[in-house]
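*Asks:* Below are the structure tokens for one structure; questions will follow.
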Amino acid sequence: MIDHKDFMHGAAPVAIADSEMFTALNRASVKYGHYVVNHDRHLFIKYNDGRGPGDYFFTFSGEDKQRIRSEAAPLVFAVLVCGNEVVTGIARDELSRLLPLTNSAASTVKVSAPQGRQLRISGPRGQLPLIARRSFPERVLA
């Protein structure tokens with residue numbers, strides 16, 4: 001039987017592998033959902049299995065934030081799988097504009113995904129500009 005978390009996480013690597021910009025995918029650490037794509041991009045995949053359209057919430061624990069913050073690679077992304085509706089990726093610097101990466105307390109990011117409209121991503125520190133639904137995986141591979 002396929003584990004539910006594997007099923008949900010699988011949406012992101014499949015979209016990446018289907019891209020012409022894809023060359024390689026490797027596990028990056030013992031942390032579940034941490035991958036290296038194209039030998040230079042670290043992805044930390046999180047999922048919310050809610051049914052859309054609507055809002056999806058992603059909690060970043062102190063450990064999650066520490067791993068993302070301390071990754072030495074310059075290209076680090078949080079990849080957010082929003083149920084069966086959409087996948088998006090946000091760069092580490094964008095994530096730091098949404099939540100405090102240096103704080104060990106858990107923080108939540110909200111992805112609002114109204115049907116047929118751009119994604120609105122917000123956190124305790126603010127909100128990012130609207131992100132196109134079809135921006136993944138190019139947003140992390142470009």
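Convention: chains lettered A, B, ... in structure tokens order; per-chain residue numbering from 1; ligands numbered from 1 as shown.
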Could you name the residues that touch region 29-39 of chain A at 10 Å or less, counting only C-alpha atoms, but leaving out those on the same chain fewer than 2 positions away, as a PyMOL selection string?
*Replies:* chain A and resi 5-6+9-10+13+16-17+21-27+41-47+64+67-68+73+75-79+140-141
*Asks:* Can you tell me, as a PyMOL selection string, which residues in chain A count as alpha helix (DSSP H) by DSSP?
*Replies:* chain A and resi 4-17+62-70+92-98+138-141
*Asks:* Given the choices A:Lys110, A:Arg69, A:His4, A:Arg134, which gets closest to Val87 (chain A) if the distance is worked out from only C-alpha atoms?
*Replies:*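 Looking only at the distances to Val87 (chain A), the closest residue turns out to be A:Arg134.
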*Asks:* Let me make sure I understand: among A:Gly89, A:Pro74, A:Gly50, A:Pro114, which one has the smallest atom-to-atom distance to Ala12 (chain A) if we use only C-alpha atoms?
*Replies:*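 Distance minimum relative to Ala12 (chain A) lands on A:Gly89.
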*Asks:* CA of Ser96 (chain A) to CA of Met8 (chain A): how many Å, to one decimal?
*Replies:*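 Pair CA of Ser96 (chain A) / CA of Met8 (chain A) returns 24.5 Å.
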*Asks:* Find the residue from A:Arg92, A:Gln66, A:Thr108, A:Asn48 that sits nearest to Arg125 (chain A); use only C-alpha atoms when measuring.
*Replies:*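 Answer, going by the shortest atom-to-atom distance: A:Thr108.
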*Asks:* So which residues of chain A fall under strand (DSSP E or B) by DSSP, listed as a VMD selection string?
*Replies:* chain A and resid 25 to 27 34 to 37 41 to 48 54 to 60 75 to 82 86 to 91 107 to 113 119 to 123 126 to 127 131
*Asks:* Print the selection's residues with N, CA and C atoms to a file, as a compact mmCIF listing (two decimals), in the first residue's frame.
*Replies:*
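Resulting contents of part_29.txt:
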```
# COMPACT_ATOMS: atom_id res chain seq x y z
N LEU A 25 17.60 14.23 -9.43
CA LEU A 25 16.89 14.33 -8.15
C LEU A 25 17.55 13.35 -7.18
N ASN A 26 17.97 13.85 -6.04
CA ASN A 26 18.60 13.02 -5.02
C ASN A 26 18.06 13.37 -3.65
N ARG A 27 18.06 12.38 -2.77
CA ARG A 27 17.73 12.63 -1.37
C ARG A 27 18.89 13.42 -0.77
N HIS A 34 13.36 16.21 2.06
CA HIS A 34 14.50 17.08 1.71
C HIS A 34 15.24 16.46 0.53
N TYR A 35 15.24 17.19 -0.60
CA TYR A 35 15.85 16.70 -1.83
C TYR A 35 16.78 17.74 -2.43
N VAL A 36 17.71 17.25 -3.26
CA VAL A 36 18.54 18.13 -4.07
C VAL A 36 18.14 17.88 -5.52
N VAL A 37 17.80 18.94 -6.22
CA VAL A 37 17.41 18.86 -7.62
C VAL A 37 18.47 19.56 -8.46
N ARG A 41 19.94 22.72 -6.03
CA ARG A 41 18.74 23.29 -5.43
C ARG A 41 18.20 22.38 -4.35
N HIS A 42 18.16 22.88 -3.14
CA HIS A 42 17.63 22.10 -2.03
C HIS A 42 16.14 22.40 -1.87
N LEU A 43 15.34 21.34 -1.85
CA LEU A 43 13.90 21.47 -1.69
C LEU A 43 13.47 20.83 -0.39
N PHE A 44 12.64 21.52 0.36
CA PHE A 44 12.03 21.00 1.57
C PHE A 44 10.52 20.95 1.29
N ILE A 45 10.02 19.74 1.06
CA ILE A 45 8.62 19.58 0.65
C ILE A 45 7.73 19.39 1.88
N LYS A 46 6.63 20.15 1.88
CA LYS A 46 5.60 20.03 2.91
C LYS A 46 4.26 19.86 2.19
N TYR A 47 3.33 19.17 2.83
CA TYR A 47 2.03 19.02 2.20
C TYR A 47 0.89 19.27 3.18
N ASN A 48 -0.24 19.66 2.61
CA ASN A 48 -1.49 19.79 3.33
C ASN A 48 -2.51 19.06 2.46
N GLY A 54 -9.37 26.69 -1.66
CA GLY A 54 -9.44 27.25 -0.32
C GLY A 54 -8.10 27.60 0.24
N ASP A 55 -7.99 27.54 1.56
CA ASP A 55 -6.77 27.90 2.26
C ASP A 55 -6.06 26.64 2.73
N TYR A 56 -4.73 26.67 2.64
CA TYR A 56 -3.89 25.56 3.07
C TYR A 56 -2.87 26.12 4.04
N PHE A 57 -2.68 25.44 5.16
CA PHE A 57 -1.77 25.91 6.20
C PHE A 57 -0.60 24.94 6.33
N PHE A 58 0.61 25.50 6.45
CA PHE A 58 1.84 24.72 6.55
C PHE A 58 2.61 25.20 7.77
N THR A 59 2.84 24.28 8.70
CA THR A 59 3.56 24.63 9.93
C THR A 59 5.03 24.28 9.77
N PHE A 60 5.87 25.25 10.07
CA PHE A 60 7.32 25.08 10.06
C PHE A 60 7.77 25.03 11.50
N LEU A 75 20.62 28.07 -3.22
CA LEU A 75 19.28 27.88 -3.77
C LEU A 75 18.50 26.90 -2.89
N VAL A 76 17.67 27.45 -2.01
CA VAL A 76 16.90 26.64 -1.07
C VAL A 76 15.43 27.07 -1.19
N PHE A 77 14.54 26.07 -1.28
CA PHE A 77 13.13 26.35 -1.49
C PHE A 77 12.26 25.52 -0.55
N ALA A 78 11.17 26.11 -0.11
CA ALA A 78 10.09 25.37 0.54
C ALA A 78 9.07 25.09 -0.56
N VAL A 79 8.78 23.82 -0.76
CA VAL A 79 7.80 23.41 -1.78
C VAL A 79 6.54 23.00 -1.03
N LEU A 80 5.42 23.64 -1.38
CA LEU A 80 4.17 23.45 -0.66
C LEU A 80 3.15 22.77 -1.56
N VAL A 81 2.76 21.57 -1.18
CA VAL A 81 1.77 20.79 -1.94
C VAL A 81 0.42 21.06 -1.30
N CYS A 82 -0.44 21.72 -2.04
CA CYS A 82 -1.76 22.12 -1.54
C CYS A 82 -2.81 21.11 -2.00
N VAL A 86 -2.82 22.33 -6.14
CA VAL A 86 -1.69 23.07 -6.71
C VAL A 86 -0.43 22.81 -5.88
N VAL A 87 0.72 22.93 -6.55
CA VAL A 87 2.02 22.87 -5.89
C VAL A 87 2.71 24.20 -6.17
N THR A 88 3.37 24.74 -5.17
CA THR A 88 4.12 25.97 -5.38
C THR A 88 5.43 25.89 -4.61
N GLY A 89 6.37 26.71 -5.00
CA GLY A 89 7.66 26.75 -4.33
C GLY A 89 8.02 28.18 -4.00
N ILE A 90 8.57 28.38 -2.81
CA ILE A 90 9.02 29.71 -2.43
C ILE A 90 10.47 29.62 -1.95
N ALA A 91 11.25 30.59 -2.39
CA ALA A 91 12.67 30.63 -2.05
C ALA A 91 12.86 30.95 -0.57
N SER A 107 5.98 28.22 13.30
CA SER A 107 5.30 29.30 12.59
C SER A 107 4.51 28.69 11.43
N THR A 108 3.44 29.36 11.04
CA THR A 108 2.57 28.84 9.99
C THR A 108 2.52 29.78 8.80
N VAL A 109 2.56 29.17 7.61
CA VAL A 109 2.39 29.88 6.35
C VAL A 109 1.04 29.46 5.79
N LYS A 110 0.30 30.42 5.26
CA LYS A 110 -1.01 30.14 4.66
C LYS A 110 -0.93 30.38 3.16
N VAL A 111 -1.41 29.41 2.39
CA VAL A 111 -1.54 29.56 0.95
C VAL A 111 -3.03 29.63 0.65
N SER A 112 -3.48 30.77 0.14
CA SER A 112 -4.87 30.92 -0.29
C SER A 112 -4.90 30.62 -1.77
N ALA A 113 -5.72 29.63 -2.14
CA ALA A 113 -5.77 29.17 -3.53
C ALA A 113 -7.21 29.17 -4.04
N LEU A 119 -2.14 32.53 -6.47
CA LEU A 119 -1.95 32.14 -5.08
C LEU A 119 -1.53 33.34 -4.23
N ARG A 120 -2.10 33.41 -3.05
CA ARG A 120 -1.75 34.44 -2.08
C ARG A 120 -1.09 33.71 -0.91
N ILE A 121 0.18 34.03 -0.64
CA ILE A 121 0.93 33.33 0.40
C ILE A 121 1.29 34.34 1.49
N SER A 122 0.92 33.98 2.73
CA SER A 122 1.16 34.91 3.84
C SER A 122 1.65 34.16 5.08
N GLY A 123 2.22 34.93 5.98
CA GLY A 123 2.72 34.40 7.24
C GLY A 123 2.67 35.48 8.29
N GLY A 126 4.10 38.88 7.07
CA GLY A 126 3.57 39.60 5.92
C GLY A 126 3.11 38.67 4.81
N GLN A 127 3.07 39.23 3.61
CA GLN A 127 2.53 38.52 2.46
C GLN A 127 3.45 38.71 1.25
N ILE A 131 1.31 34.84 -6.73
CA ILE A 131 2.11 33.86 -7.46
C ILE A 131 1.19 33.09 -8.40
```
*Asks:* Just to confirm, what's the straight-line distance from CA of Ala72 (chain A) to CA of Leu130 (chain A) in Å (one decimal)?
*Replies:*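 A separation of 27.9 Å between them.
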*Asks:* Please, what distance in Å, to one decimal, runs between CA of Arg51 (chain A) and CA of Glu85 (chain A)?
*Replies:*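 Those two atoms sit 7.5 Å apart.
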*Asks:* Which residue, A:Gly83, A:Pro137, A:Ser104, A:Ala142, has the smallest gap to Ala15 (chain A) when you use only C-alpha atoms?
*Replies:* A:Pro137
*Asks:* A:Ala11, A:Gly62, A:Pro53, A:Glu71: which is nearest Arg117 (chain A), counting only C-alpha atoms?
*Replies:*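 The answer is A:Pro53, which sits nearest to Arg117 (chain A).
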